[in-house]
>>> print(open('structure_23.cif').read())   # mmCIF, C-alpha atoms
data_input
#
loop_
_atom_site.label_atom_id
_atom_site.label_comp_id
_atom_site.auth_asym_id
_atom_site.auth_seq_id
_atom_site.Cartn_x
_atom_site.Cartn_y
_atom_site.Cartn_z
CA MET A 1 110.77 92.57 149.16
CA ALA A 2 113.90 93.62 151.06
CA ALA A 3 115.52 94.95 147.89
CA HIS A 4 112.36 96.95 147.07
CA HIS A 5 112.41 98.76 150.41
CA GLN A 6 116.16 99.32 150.13
CA ASP A 7 115.68 101.05 146.77
CA LEU A 8 112.76 103.07 148.15
CA ARG A 9 114.92 104.30 151.02
CA ALA A 10 117.76 105.16 148.66
CA ARG A 11 115.50 107.39 146.57
CA GLU A 12 114.58 109.26 149.75
CA ALA A 13 118.22 109.75 150.76
CA GLY A 14 118.45 113.06 148.95
CA GLY A 15 121.94 114.48 149.11
CA VAL A 16 123.45 111.65 151.15
CA ARG A 17 126.49 110.05 149.55
CA PHE A 18 128.73 107.23 150.61
CA ALA A 19 132.50 107.33 150.90
CA VAL A 20 134.70 104.34 151.62
CA VAL A 21 138.26 104.18 152.91
CA GLY A 22 139.78 101.10 151.37
CA ASN A 23 142.17 99.71 148.80
CA PRO A 24 140.55 100.74 145.49
CA GLU A 25 141.51 97.55 143.66
CA ASN A 26 140.16 95.27 146.38
CA ARG A 27 137.03 93.19 145.87
CA ARG A 28 135.66 94.44 149.20
CA VAL A 29 135.50 97.97 147.80
CA THR A 30 134.10 96.67 144.50
CA LEU A 31 131.32 94.73 146.21
CA PHE A 32 130.38 97.64 148.46
CA ALA A 33 130.31 100.07 145.53
CA ARG A 34 128.08 97.67 143.62
CA ALA A 35 125.65 97.57 146.55
CA VAL A 36 125.56 101.37 146.76
CA ARG A 37 124.81 101.71 143.05
CA ALA A 38 122.17 98.98 143.25
CA ALA A 39 120.42 101.09 145.90
CA GLY A 40 120.02 103.88 143.36
CA LEU A 41 122.81 106.07 144.72
CA PRO A 42 125.96 107.42 143.06
CA ALA A 43 129.04 105.25 143.38
CA PRO A 44 130.85 105.91 146.66
CA ARG A 45 133.89 108.15 146.73
CA VAL A 46 136.87 105.88 147.35
CA VAL A 47 139.66 107.20 149.56
CA ALA A 48 142.73 104.98 149.33
CA TRP A 49 144.30 103.70 152.54
CA ALA A 50 147.72 104.48 151.08
CA ASP A 51 146.77 108.16 150.76
CA VAL A 52 145.30 108.25 154.27
CA LEU A 53 148.43 106.72 155.78
CA ARG A 54 150.80 109.00 153.92
CA ALA A 55 148.79 112.10 154.84
CA GLY A 56 148.00 111.03 158.40
CA GLY A 57 144.25 111.29 157.80
CA ALA A 58 141.56 112.51 155.39
CA ALA A 59 138.61 114.90 155.32
CA PHE A 60 135.01 114.09 154.41
CA ASP A 61 132.03 116.23 153.50
CA ALA A 62 129.23 116.71 156.00
CA GLY A 63 126.78 114.70 153.87
CA GLU A 64 129.03 111.68 153.38
CA LEU A 65 128.41 108.37 155.14
CA VAL A 66 131.92 107.04 155.66
CA ARG A 67 132.64 103.32 155.66
CA LEU A 68 136.06 101.97 156.63
CA ASP A 69 137.12 98.79 154.91
CA SER A 70 140.01 96.44 155.45
CA PRO A 71 143.51 97.75 154.65
CA GLY A 72 144.63 94.20 153.85
CA GLU A 73 145.80 92.59 150.60
CA ASN A 74 147.85 95.57 149.41
CA THR A 75 151.64 95.38 149.58
CA GLU A 76 152.24 99.14 149.78
CA VAL A 77 149.61 99.66 152.49
CA ASP A 78 151.04 96.75 154.45
CA ARG A 79 154.49 98.31 154.22
CA LEU A 80 153.17 101.64 155.48
CA LEU A 81 151.38 99.94 158.37
CA ARG A 82 153.94 97.37 159.48
CA GLY A 83 157.19 98.63 158.03
CA ALA A 84 157.80 95.20 156.50
CA GLU A 85 159.05 94.87 152.93
CA ASP A 86 157.76 91.29 152.65
CA PRO A 87 153.96 91.06 153.13
CA THR A 88 154.21 87.37 153.98
CA ARG A 89 156.18 88.10 157.17
CA VAL A 90 154.24 87.65 160.41
CA GLU A 91 156.03 90.17 162.59
CA GLY A 92 155.05 93.83 162.87
CA SER A 93 151.46 93.64 164.10
CA ALA A 94 152.09 96.02 167.02
CA ARG A 95 153.32 98.71 164.63
CA TRP A 96 150.32 97.90 162.36
CA TYR A 97 148.00 98.65 165.28
CA THR A 98 149.72 101.86 166.31
CA THR A 99 149.86 103.19 162.75
CA LEU A 100 146.27 102.28 161.92
CA THR A 101 144.73 103.72 165.07
CA ALA A 102 146.69 106.96 164.55
CA ALA A 103 145.30 107.17 161.01
CA LEU A 104 141.77 106.62 162.32
CA ARG A 105 142.20 109.60 164.62
CA GLY A 106 143.15 111.66 161.58
CA LEU A 107 139.84 111.13 159.77
CA ARG A 108 137.70 114.27 159.89
CA GLY A 109 134.13 115.11 158.96
CA GLY A 110 131.35 113.00 157.51
CA THR A 111 129.25 110.51 159.44
CA ARG A 112 131.33 107.50 160.43
CA LEU A 113 129.82 104.01 160.14
CA ASP A 114 132.76 102.59 162.12
CA ASP A 115 133.71 104.22 165.41
CA PRO A 116 137.46 104.79 165.96
CA ASP A 117 137.25 103.95 169.67
CA ASP A 118 135.33 100.74 168.92
CA LEU A 119 137.92 99.80 166.32
CA ALA A 120 140.79 100.40 168.73
CA VAL A 121 139.24 97.75 170.99
CA LEU A 122 138.29 95.37 168.18
CA PHE A 123 141.87 95.39 166.88
CA ASP A 124 143.26 94.41 170.31
CA LYS A 125 142.20 90.88 171.27
CA ARG A 126 143.11 91.43 174.92
CA ARG A 127 140.94 94.53 175.26
CA CYS A 128 138.13 93.04 173.20
CA HIS A 129 138.03 89.89 175.33
CA ALA A 130 137.88 91.98 178.50
CA VAL A 131 135.00 94.09 177.14
CA LEU A 132 133.04 91.01 176.09
CA ALA A 133 133.62 89.24 179.40
CA GLY A 134 132.63 92.36 181.33
CA ALA A 135 129.35 92.49 179.40
CA GLY A 136 128.52 88.87 180.25
CA VAL A 137 129.19 87.54 176.75
CA PRO A 138 130.32 83.89 176.93
CA VAL A 139 134.01 83.75 175.95
CA PRO A 140 136.83 81.23 176.48
CA TYR A 141 138.75 81.83 179.69
CA SER A 142 141.82 84.03 179.23
CA PRO A 143 144.55 84.96 181.72
CA THR A 144 145.74 87.81 179.48
CA SER A 145 142.69 90.09 179.31
CA GLY A 146 141.68 92.74 181.80
CA ALA A 147 143.44 95.66 183.42
CA HIS A 148 145.66 93.55 185.69
CA ALA A 149 146.52 90.77 183.24
CA PRO A 150 150.18 89.82 183.02
CA ALA A 151 152.20 90.57 179.91
CA VAL A 152 153.52 87.58 177.96
CA HIS A 153 157.20 88.06 177.17
CA GLY A 154 157.83 84.69 175.57
CA TRP A 155 157.40 80.94 175.67
CA ASP A 156 158.48 80.62 179.31
CA ASP A 157 155.56 82.88 180.31
CA VAL A 158 153.16 80.84 178.19
CA ARG A 159 154.32 77.64 179.85
CA ALA A 160 153.95 79.19 183.30
CA LEU A 161 150.42 80.42 182.58
CA MET A 162 149.47 77.01 181.20
CA ARG A 163 150.50 75.43 184.49
CA GLU A 164 149.05 78.14 186.73
CA HIS A 165 145.64 78.15 185.03
CA ARG A 166 145.53 74.45 184.19
CA MET A 167 145.32 75.02 180.47
CA PRO A 168 146.99 72.06 178.71
CA ARG A 169 145.22 73.11 175.50
CA LEU A 170 145.12 76.76 174.51
CA PHE A 171 145.33 79.22 171.66
CA VAL A 172 148.23 81.64 171.53
CA LYS A 173 147.22 84.65 169.43
CA LEU A 174 148.81 87.87 168.30
CA ALA A 175 147.03 90.65 170.16
CA HIS A 176 146.64 92.57 166.90
CA GLY A 177 146.55 89.72 164.41
CA SER A 178 143.90 88.83 161.84
CA SER A 179 143.06 85.99 159.46
CA ALA A 180 144.74 83.48 161.81
CA SER A 181 148.12 85.19 161.35
CA GLY A 182 150.39 84.17 164.20
CA VAL A 183 147.82 81.90 165.85
CA LEU A 184 149.07 78.69 167.47
CA ALA A 185 146.80 75.95 168.80
CA VAL A 186 148.97 74.42 171.53
CA GLU A 187 148.44 71.00 173.16
CA ALA A 188 150.52 69.63 176.03
CA ALA A 189 150.45 65.95 176.98
CA GLY A 190 152.18 63.67 179.43
CA GLY A 191 155.88 63.05 179.28
CA GLY A 192 156.62 66.61 178.25
CA ARG A 193 155.14 66.12 174.80
CA ILE A 194 153.77 69.22 173.11
CA ARG A 195 152.35 70.12 169.74
CA ALA A 196 151.47 73.41 168.05
CA THR A 197 149.23 73.69 165.00
CA THR A 198 149.62 76.96 163.11
CA SER A 199 149.85 78.69 159.73
CA VAL A 200 153.23 80.12 160.77
CA GLU A 201 156.20 78.79 158.84
CA LEU A 202 159.49 78.98 160.76
CA ALA A 203 162.38 79.57 158.39
CA PRO A 204 165.85 78.12 159.15
CA ASP A 205 167.12 81.64 159.91
CA GLY A 206 164.35 82.20 162.49
CA ARG A 207 162.13 84.45 160.39
CA LEU A 208 158.39 83.79 160.47
CA PHE A 209 156.15 83.68 157.41
CA ASN A 210 152.41 83.32 156.94
CA SER A 211 151.61 80.18 155.00
CA LEU A 212 148.47 78.97 153.23
CA ARG A 213 148.97 75.52 154.65
CA ILE A 214 148.86 74.22 158.20
CA HIS A 215 152.11 73.36 159.98
CA ARG A 216 152.43 71.11 163.02
CA TYR A 217 155.43 71.50 165.32
CA THR A 218 156.32 68.92 167.97
CA ASP A 219 159.78 70.19 168.86
CA GLU A 220 159.37 72.51 171.85
CA GLY A 221 162.43 74.46 170.77
CA HIS A 222 160.76 75.34 167.49
CA ILE A 223 157.53 76.32 169.23
CA ALA A 224 159.46 78.44 171.71
CA ALA A 225 161.31 80.16 168.86
CA ILE A 226 158.03 81.11 167.18
CA VAL A 227 156.43 82.41 170.38
CA ASP A 228 159.54 84.30 171.48
CA THR A 229 159.69 86.04 168.08
CA LEU A 230 155.99 86.98 168.19
CA ALA A 231 155.91 88.10 171.84
CA PRO A 232 157.23 91.67 171.32
CA ASP A 233 154.12 92.37 169.21
CA GLY A 234 151.86 91.35 172.12
CA LEU A 235 150.23 87.98 172.82
CA HIS A 236 146.79 86.90 173.99
CA LEU A 237 146.07 83.43 175.43
CA GLU A 238 142.69 81.66 175.49
CA ARG A 239 141.57 78.29 176.72
CA TRP A 240 140.95 75.90 173.82
CA LEU A 241 137.29 74.92 174.02
CA PRO A 242 136.22 71.60 172.47
CA LYS A 243 134.12 72.52 169.45
CA ALA A 244 131.12 70.88 167.83
CA SER A 245 131.72 68.97 164.64
CA GLN A 246 129.95 68.49 161.35
CA ARG A 247 130.61 65.36 159.31
CA GLY A 248 133.60 64.60 161.50
CA ARG A 249 135.21 68.03 161.03
CA PRO A 250 135.49 70.69 163.78
CA ALA A 251 133.03 73.49 163.07
CA ASP A 252 132.46 77.09 164.00
CA LEU A 253 130.37 79.94 162.61
CA ARG A 254 131.03 83.39 161.22
CA VAL A 255 127.96 85.51 161.95
CA VAL A 256 127.61 89.01 160.53
CA VAL A 257 125.70 91.46 162.73
CA VAL A 258 124.40 94.64 161.09
CA ALA A 259 122.76 97.40 163.11
CA GLY A 260 122.40 95.04 166.07
CA ARG A 261 120.81 92.15 164.18
CA ALA A 262 122.41 88.88 163.09
CA THR A 263 121.80 88.95 159.34
CA HIS A 264 124.20 86.46 157.71
CA ALA A 265 125.93 83.31 158.87
CA VAL A 266 128.21 80.66 157.48
CA VAL A 267 129.49 77.43 159.00
CA ARG A 268 133.23 76.83 158.63
CA THR A 269 134.69 73.35 159.01
CA GLY A 270 138.29 72.22 158.90
CA THR A 271 140.68 69.35 159.45
CA SER A 272 142.59 71.33 162.09
CA PRO A 273 141.69 73.71 164.92
CA LEU A 274 142.00 76.58 162.40
CA THR A 275 138.87 76.61 160.23
CA ASN A 276 139.67 79.77 158.23
CA LEU A 277 138.60 79.27 154.64
CA HIS A 278 141.92 80.49 153.22
CA LEU A 279 143.69 77.77 155.22
CA GLY A 280 141.72 74.95 153.65
CA GLY A 281 138.54 75.26 155.69
CA ARG A 282 135.26 74.66 153.91
CA ARG A 283 131.79 76.07 154.19
CA GLY A 284 129.57 73.70 156.11
CA ASP A 285 125.82 73.12 156.17
CA LEU A 286 124.04 75.94 158.00
CA ASP A 287 120.67 74.14 157.99
CA ALA A 288 122.33 71.11 159.58
CA ALA A 289 123.92 73.33 162.23
CA ARG A 290 120.58 74.89 163.07
CA ALA A 291 118.98 71.44 163.26
CA ALA A 292 121.78 70.23 165.57
CA VAL A 293 121.27 73.23 167.87
CA GLU A 294 117.54 72.62 168.09
CA ALA A 295 118.00 68.85 168.53
CA SER A 296 120.19 69.60 171.56
CA GLY A 297 117.29 71.44 173.21
CA ALA A 298 118.72 74.91 172.58
CA ARG A 299 117.17 77.62 170.42
CA TRP A 300 118.76 78.89 167.23
CA ALA A 301 117.58 82.39 168.10
CA ASP A 302 119.59 82.20 171.32
CA VAL A 303 122.72 81.17 169.38
CA LEU A 304 122.34 84.20 167.13
CA GLY A 305 121.53 86.23 170.25
CA VAL A 306 125.02 85.56 171.63
CA CYS A 307 126.44 87.22 168.51
CA GLU A 308 124.08 90.17 168.87
CA GLN A 309 125.08 90.50 172.53
CA ALA A 310 128.73 90.66 171.46
CA ALA A 311 128.00 93.24 168.76
CA ALA A 312 126.09 95.38 171.28
CA CYS A 313 129.43 96.04 173.00
CA PHE A 314 130.31 98.15 169.94
CA PRO A 315 127.12 100.14 169.35
CA ARG A 316 128.72 102.90 167.27
CA THR A 317 129.98 100.48 164.63
CA LEU A 318 127.40 99.44 162.04
CA CYS A 319 128.70 95.97 161.21
CA VAL A 320 130.90 93.34 162.84
CA GLY A 321 131.67 89.70 162.10
CA VAL A 322 131.45 87.40 165.12
CA ASP A 323 133.35 84.11 165.28
CA LEU A 324 131.10 81.80 167.28
CA LEU A 325 132.42 78.58 168.81
CA PRO A 326 129.64 76.01 169.29
CA ALA A 327 130.46 73.58 172.08
CA THR A 328 130.44 69.83 171.59
CA GLY A 329 126.81 68.80 171.25
CA TRP A 330 125.79 72.24 169.87
CA ARG A 331 123.87 73.24 173.02
CA ARG A 332 126.10 76.14 174.08
CA ALA A 333 128.39 78.56 172.28
CA ALA A 334 131.09 81.09 173.08
CA VAL A 335 132.48 84.04 171.16
CA GLY A 336 136.00 83.51 169.91
CA GLU A 337 136.53 86.90 168.27
CA VAL A 338 134.69 89.96 167.02
CA ASN A 339 136.02 91.24 163.70
CA ALA A 340 135.69 94.78 162.38
CA PHE A 341 136.10 93.56 158.79
CA GLY A 342 134.28 90.25 159.03
CA ASP A 343 131.69 90.81 156.30
CA LEU A 344 133.42 89.36 153.23
CA LEU A 345 131.00 86.55 152.41
CA PRO A 346 130.42 86.98 148.66
CA GLY A 347 127.09 85.78 147.33
CA LEU A 348 125.65 84.95 150.75
CA THR A 349 122.17 86.34 151.33
CA GLY A 350 120.45 87.11 154.60
CA LEU A 351 119.10 84.67 157.16
CA PRO A 352 115.37 83.92 157.14
CA GLY A 353 113.60 86.37 159.42
CA SER A 354 116.61 88.71 159.60
CA GLY A 355 115.10 91.42 157.40
CA ALA A 356 118.02 90.95 155.00
CA GLU A 357 116.55 88.14 152.91
CA GLY A 358 117.80 88.45 149.35
CA LEU A 359 120.52 90.95 150.29
CA ASP A 360 124.23 90.24 150.63
CA THR A 361 126.24 91.67 153.52
CA TYR A 362 127.06 94.88 151.65
CA ALA A 363 123.52 95.62 150.47
CA THR A 364 122.33 95.01 154.02
CA GLN A 365 124.77 97.57 155.37
CA VAL A 366 123.77 100.13 152.76
CA ALA A 367 120.11 99.71 153.72
CA ALA A 368 120.92 99.94 157.44
CA ALA A 369 123.07 103.05 156.97
CA LEU A 370 120.32 104.77 155.01
CA ALA A 371 117.77 103.82 157.67
CA ARG A 372 119.93 105.37 160.38
CA HIS A 373 121.09 108.49 158.62
CA THR A 374 118.42 109.71 156.17
CA PRO A 375 115.21 111.63 156.75
CA PRO A 376 112.43 109.60 158.36
CA PRO A 377 109.08 108.44 157.78
CA HIS A 378 107.48 107.55 154.59
CA PRO A 379 103.92 106.17 154.80
CA HIS A 380 105.19 102.71 153.86
CA GLN A 381 107.66 102.60 156.73
CA ASN A 382 106.92 101.24 160.18
CA ARG A 383 106.52 103.48 163.22
CA THR A 384 110.20 103.53 164.08
CA GLY A 385 111.05 105.00 160.68
CA THR A 386 113.11 101.96 159.82
CA PRO A 387 112.50 100.34 156.43
CA HIS A 388 110.75 96.99 156.74
CA ALA A 389 113.78 95.44 155.05
CA LEU A 390 115.70 95.86 158.31
CA ALA A 391 112.91 96.21 160.86
#
>>> encode(input="structure_23.cif", output="structure tokens")
Amino acid sequence: MAAHHQDLRAREAGGVRFAVVGNPENRRVTLFARAVRAAGLPAPRVVAWADVLRAGGAAFDAGELVRLDSPGENTEVDRLLRGAEDPTRVEGSARWYTTLTAALRGLRGGTRLDDPDDLAVLFDKRRCHAVLAGAGVPVPYSPTSGAHAPAVHGWDDVRALMREHRMPRLFVKLAHGSSASGVLAVEAAGGGRIRATTSVELAPDGRLFNSLRIHRYTDEGHIAAIVDTLAPDGLHLERWLPKASQRGRPADLRVVVVAGRATHAVVRTGTSPLTNLHLGGRRGDLDAARAAVEASGARWADVLGVCEQAAACFPRTLCVGVDLLPATGWRRAAVGEVNAFGDLLPGLTGLPGSGAEGLDTYATQVAAALARHTPPPHPHQNRTGTPHALA
């Protein structure tokens, strides 16, 4: 039914065309283009990130709906953004942020599905945390967000903030990192013992590399060396909240919110505090998670509502991916991060009752964009002019 209404809306779109800024060879662009064609529209015009970065921007036609996709997984684009010759290096995220936000300001024309000002906040964990907290969204406590937050210059500052704010367990994150790059889950115990769990590999010469396996450091000198090297790129600290588990594995959720509605969700479980699927995390059982929430006395709709509340802080951006941290017992949840490019969940169809049943994340966004930006009312639409597929 959802796909039928999506196709109906596409036929009414008239001269509207999609354009996407992305890496042409990337599966994200391929999946989005497939969704556009499935809606009965011409394939989107693809504008390569490499061209945008070299030119300092790009121009779009008045009738184009412009989607921005991730600039990741392309060596040349990474070099242009970070200035690093080796894409596996961790350092350079501050330059990545500065270069990317400048390129966003250079995009002209068209109708943007991702707002540059929203993205500037989403790509800075400190600013994003402050916005969420200010809107009443439940988030882990952080001493590094907000206008008067102290800067973190290295491991000595982290240690001092741990003591001052009584945070023996915390996450140290790159302010502009993604995909768990540069994240350390730090635990302090009695007797001066300390441990950091991270995907960062510390080379003998002090260079830092992203790894696809988890590393655990117990030598404080090694941990300090990692943090001191990352600090010039900007660091964000958050209290480590005990998370719910599923089958003995810590669990969290990635929830995709499109046009204000939670439409897709996946449970991620791991053997470490980092549940990212590329680091060995696995998809968990969403039905079991919903049952656990309801068995605790909470409502599943309220859990999804936390994600929608977070997404509402970025109303000019069509789609975000929310990392939700269910507390032990599944009764409460907090938002760990909001991701601008958090929709890569291939093959996953919409949640029951979301209006996106039978649609993947990309088809859902195509339908939502058409509903927002094409001429209204057909007799088969509801009174708001929104197709029933997303009503």
>>> closest_residue(input="structure_23.cif", among="A:Ile226, A:Val257, A:Val46, A:Ala175", to="A:Thr197", atoms="all atoms listed in the file")
A:Ile226
>>> atom_distance(input="structure_23.cif", atom1="atom CA of A:Thr229", atom2="atom CA of A:Arg95")
14.6 Å
>>> residues_around(input="structure_23.cif", residues="stretch 316-326 of chain A", least_positions_apart="5", cutoff="6 Å", atoms="only C-alpha atoms", output="PyMOL selection string")
chain A and resi 113-115+243-244+252-259+332-340+342-343
>>> closest_atom_pairs(input="structure_23.cif", of="stretch 92-112 of chain A", to="stretch 361-377 of chain A", cutoff="12 Å", atoms="all atoms listed in the file", output="tab-separated table")
residue	atom	partner	partner_atom	distance
A:Gly110	CA	A:His373	CA	11.3
A:Thr111	CA	A:His373	CA	8.4
A:Arg112	CA	A:Ala369	CA	10.0
>>> closest_residue(input="structure_23.cif", among="A:His153, A:Arg193, A:Arg299, A:His165", to="A:Leu230", atoms="all atoms listed in the file")
A:His153
>>> atom_distance(input="structure_23.cif", atom1="atom CA of A:Gly305", atom2="atom CA of A:Asp287")
17.2 Å
>>> residues_around(input="structure_23.cif", residues="A:His222", least_positions_apart="2", cutoff="12 Å", atoms="all atoms listed in the file", output="PyMOL selection string")
chain A and resi 155+194-197+200-208+215-220+224-229
>>> atom_distance(input="structure_23.cif", atom1="atom CA of A:Val152", atom2="atom CA of A:Asp233")
10.0 Å
>>> resolve_selection(input="structure_23.cif", expression="the PyMOL selection byres ((chain A and resi 35) around 12)", output="ChimeraX atom specification")
/A:3,6-7,10,18,28-34,36-44,346-347,359-367
>>> write_last_selection(input="structure_23.cif", atoms="C-alpha atoms", output="CSV table (one decimal), in the coordinates of the input")
chain,number,residue,atom,x,y,z
A,3,ALA,CA,115.5,95.0,147.9
A,6,GLN,CA,116.2,99.3,150.1
A,7,ASP,CA,115.7,101.0,146.8
A,10,ALA,CA,117.8,105.2,148.7
A,18,PHE,CA,128.7,107.2,150.6
A,28,ARG,CA,135.7,94.4,149.2
A,29,VAL,CA,135.5,98.0,147.8
A,30,THR,CA,134.1,96.7,144.5
A,31,LEU,CA,131.3,94.7,146.2
A,32,PHE,CA,130.4,97.6,148.5
A,33,ALA,CA,130.3,100.1,145.5
A,34,ARG,CA,128.1,97.7,143.6
A,36,VAL,CA,125.6,101.4,146.8
A,37,ARG,CA,124.8,101.7,143.0
A,38,ALA,CA,122.2,99.0,143.2
A,39,ALA,CA,120.4,101.1,145.9
A,40,GLY,CA,120.0,103.9,143.4
A,41,LEU,CA,122.8,106.1,144.7
A,42,PRO,CA,126.0,107.4,143.1
A,43,ALA,CA,129.0,105.2,143.4
A,44,PRO,CA,130.8,105.9,146.7
A,346,PRO,CA,130.4,87.0,148.7
A,347,GLY,CA,127.1,85.8,147.3
A,359,LEU,CA,120.5,91.0,150.3
A,360,ASP,CA,124.2,90.2,150.6
A,361,THR,CA,126.2,91.7,153.5
A,362,TYR,CA,127.1,94.9,151.6
A,363,ALA,CA,123.5,95.6,150.5
A,364,THR,CA,122.3,95.0,154.0
A,365,GLN,CA,124.8,97.6,155.4
A,366,VAL,CA,123.8,100.1,152.8
A,367,ALA,CA,120.1,99.7,153.7
>>> closest_residue(input="structure_23.cif", among="A:Thr271, A:Thr198, A:Ser179, A:Asn210", to="A:Gly72", atoms="all atoms listed in the file")
A:Ser179
>>> residues_around(input="structure_23.cif", residues="stretch 22-26 of chain A", least_positions_apart="2", cutoff="12 Å", atoms="only C-alpha atoms", output="VMD selection string")
chain A and resid 19 to 20 28 to 33 44 to 53 66 to 78 341 344
>>> write_last_selection(input="structure_23.cif", atoms="C-alpha atoms", output="tab-separated table (two decimals), in the frame of the given file")
chain	number	residue	atom	x	y	z
A	19	ALA	CA	132.50	107.33	150.90
A	20	VAL	CA	134.70	104.34	151.62
A	28	ARG	CA	135.66	94.44	149.20
A	29	VAL	CA	135.50	97.97	147.80
A	30	THR	CA	134.10	96.67	144.50
A	31	LEU	CA	131.32	94.73	146.21
A	32	PHE	CA	130.38	97.64	148.46
A	33	ALA	CA	130.31	100.07	145.53
A	44	PRO	CA	130.85	105.91	146.66
A	45	ARG	CA	133.89	108.15	146.73
A	46	VAL	CA	136.87	105.88	147.35
A	47	VAL	CA	139.66	107.20	149.56
A	48	ALA	CA	142.73	104.98	149.33
A	49	TRP	CA	144.30	103.70	152.54
A	50	ALA	CA	147.72	104.48	151.08
A	51	ASP	CA	146.77	108.16	150.76
A	52	VAL	CA	145.30	108.25	154.27
A	53	LEU	CA	148.43	106.72	155.78
A	66	VAL	CA	131.92	107.04	155.66
A	67	ARG	CA	132.64	103.32	155.66
A	68	LEU	CA	136.06	101.97	156.63
A	69	ASP	CA	137.12	98.79	154.91
A	70	SER	CA	140.01	96.44	155.45
A	71	PRO	CA	143.51	97.75	154.65
A	72	GLY	CA	144.63	94.20	153.85
A	73	GLU	CA	145.80	92.59	150.60
A	74	ASN	CA	147.85	95.57	149.41
A	75	THR	CA	151.64	95.38	149.58
A	76	GLU	CA	152.24	99.14	149.78
A	77	VAL	CA	149.61	99.66	152.49
A	78	ASP	CA	151.04	96.75	154.45
A	341	PHE	CA	136.10	93.56	158.79
A	344	LEU	CA	133.42	89.36	153.23
>>> closest_residue(input="structure_23.cif", among="A:Lys125, A:Arg105, A:Arg283, A:Arg89", to="A:Leu174", atoms="all atoms listed in the file")
A:Lys125
>>> closest_residue(input="structure_23.cif", among="A:Gly329, A:Leu212, A:Thr349, A:Ala295", to="A:Gly281", atoms="all atoms listed in the file")
A:Leu212
>>> closest_residue(input="structure_23.cif", among="A:Leu274, A:Ile223, A:Ala147, A:Leu132", to="A:Ser199", atoms="all atoms listed in the file")
A:Leu274
>>> resolve_selection(input="structure_23.cif", expression="the PyMOL selection byres ((chain A and resi 309) around 9)", output="count of residues only")
14
>>> residues_around(input="structure_23.cif", residues="A:Leu351", least_positions_apart="6", cutoff="7 Å", atoms="all atoms listed in the file", output="ChimeraX atom specification")
/A:263-264,357
>>> residues_near_point(input="structure_23.cif", point="(139.8, 104.6, 170.7)", cutoff="10 Å", atoms="only C-alpha atoms", output="VMD selection string")
chain A and resid 101 to 102 104 to 105 115 to 122
>>> resolve_selection(input="structure_23.cif", expression="the PyMOL selection byres ((chain A and resi 157) around 12)", output="list in words")
Pro143, Thr144, Pro150, Ala151, Val152, His153, Gly154, Trp155, Asp156, Val158, Arg159, Ala160, Leu161, Met162, Arg163, Glu164, His165, Val172, Ala224, Val227, Asp228, Ala231, Leu235, His236 and Leu237 of chain A
>>> build_atoms(input="structure_23.cif", residues="stretch 101-112 of chain A", atoms="N, CA and C atoms", output="compact mmCIF listing (two decimals), in the frame of the given file")
# COMPACT_ATOMS: atom_id res chain seq x y z
N THR A 101 145.56 102.95 164.15
CA THR A 101 144.73 103.72 165.07
C THR A 101 145.07 105.21 165.01
N ALA A 102 146.33 105.55 164.74
CA ALA A 102 146.69 106.96 164.55
C ALA A 102 146.01 107.52 163.31
N ALA A 103 145.96 106.73 162.24
CA ALA A 103 145.30 107.17 161.01
C ALA A 103 143.80 107.35 161.24
N LEU A 104 143.19 106.48 162.03
CA LEU A 104 141.77 106.62 162.32
C LEU A 104 141.48 107.93 163.02
N ARG A 105 142.39 108.33 163.92
CA ARG A 105 142.20 109.60 164.62
C ARG A 105 142.35 110.80 163.69
N GLY A 106 142.96 110.58 162.52
CA GLY A 106 143.15 111.66 161.58
C GLY A 106 142.03 111.81 160.56
N LEU A 107 140.99 110.99 160.66
CA LEU A 107 139.84 111.13 159.77
C LEU A 107 138.91 112.19 160.31
N ARG A 108 138.48 113.12 159.44
CA ARG A 108 137.70 114.27 159.89
C ARG A 108 136.45 114.42 159.03
N GLY A 109 135.35 114.81 159.69
CA GLY A 109 134.13 115.11 158.96
C GLY A 109 133.33 113.87 158.60
N GLY A 110 132.21 114.11 157.91
CA GLY A 110 131.35 113.00 157.51
C GLY A 110 130.67 112.34 158.70
N THR A 111 129.90 111.33 158.41
CA THR A 111 129.25 110.51 159.44
C THR A 111 129.87 109.13 159.37
N ARG A 112 130.57 108.75 160.42
CA ARG A 112 131.33 107.50 160.43
C ARG A 112 130.43 106.31 160.71
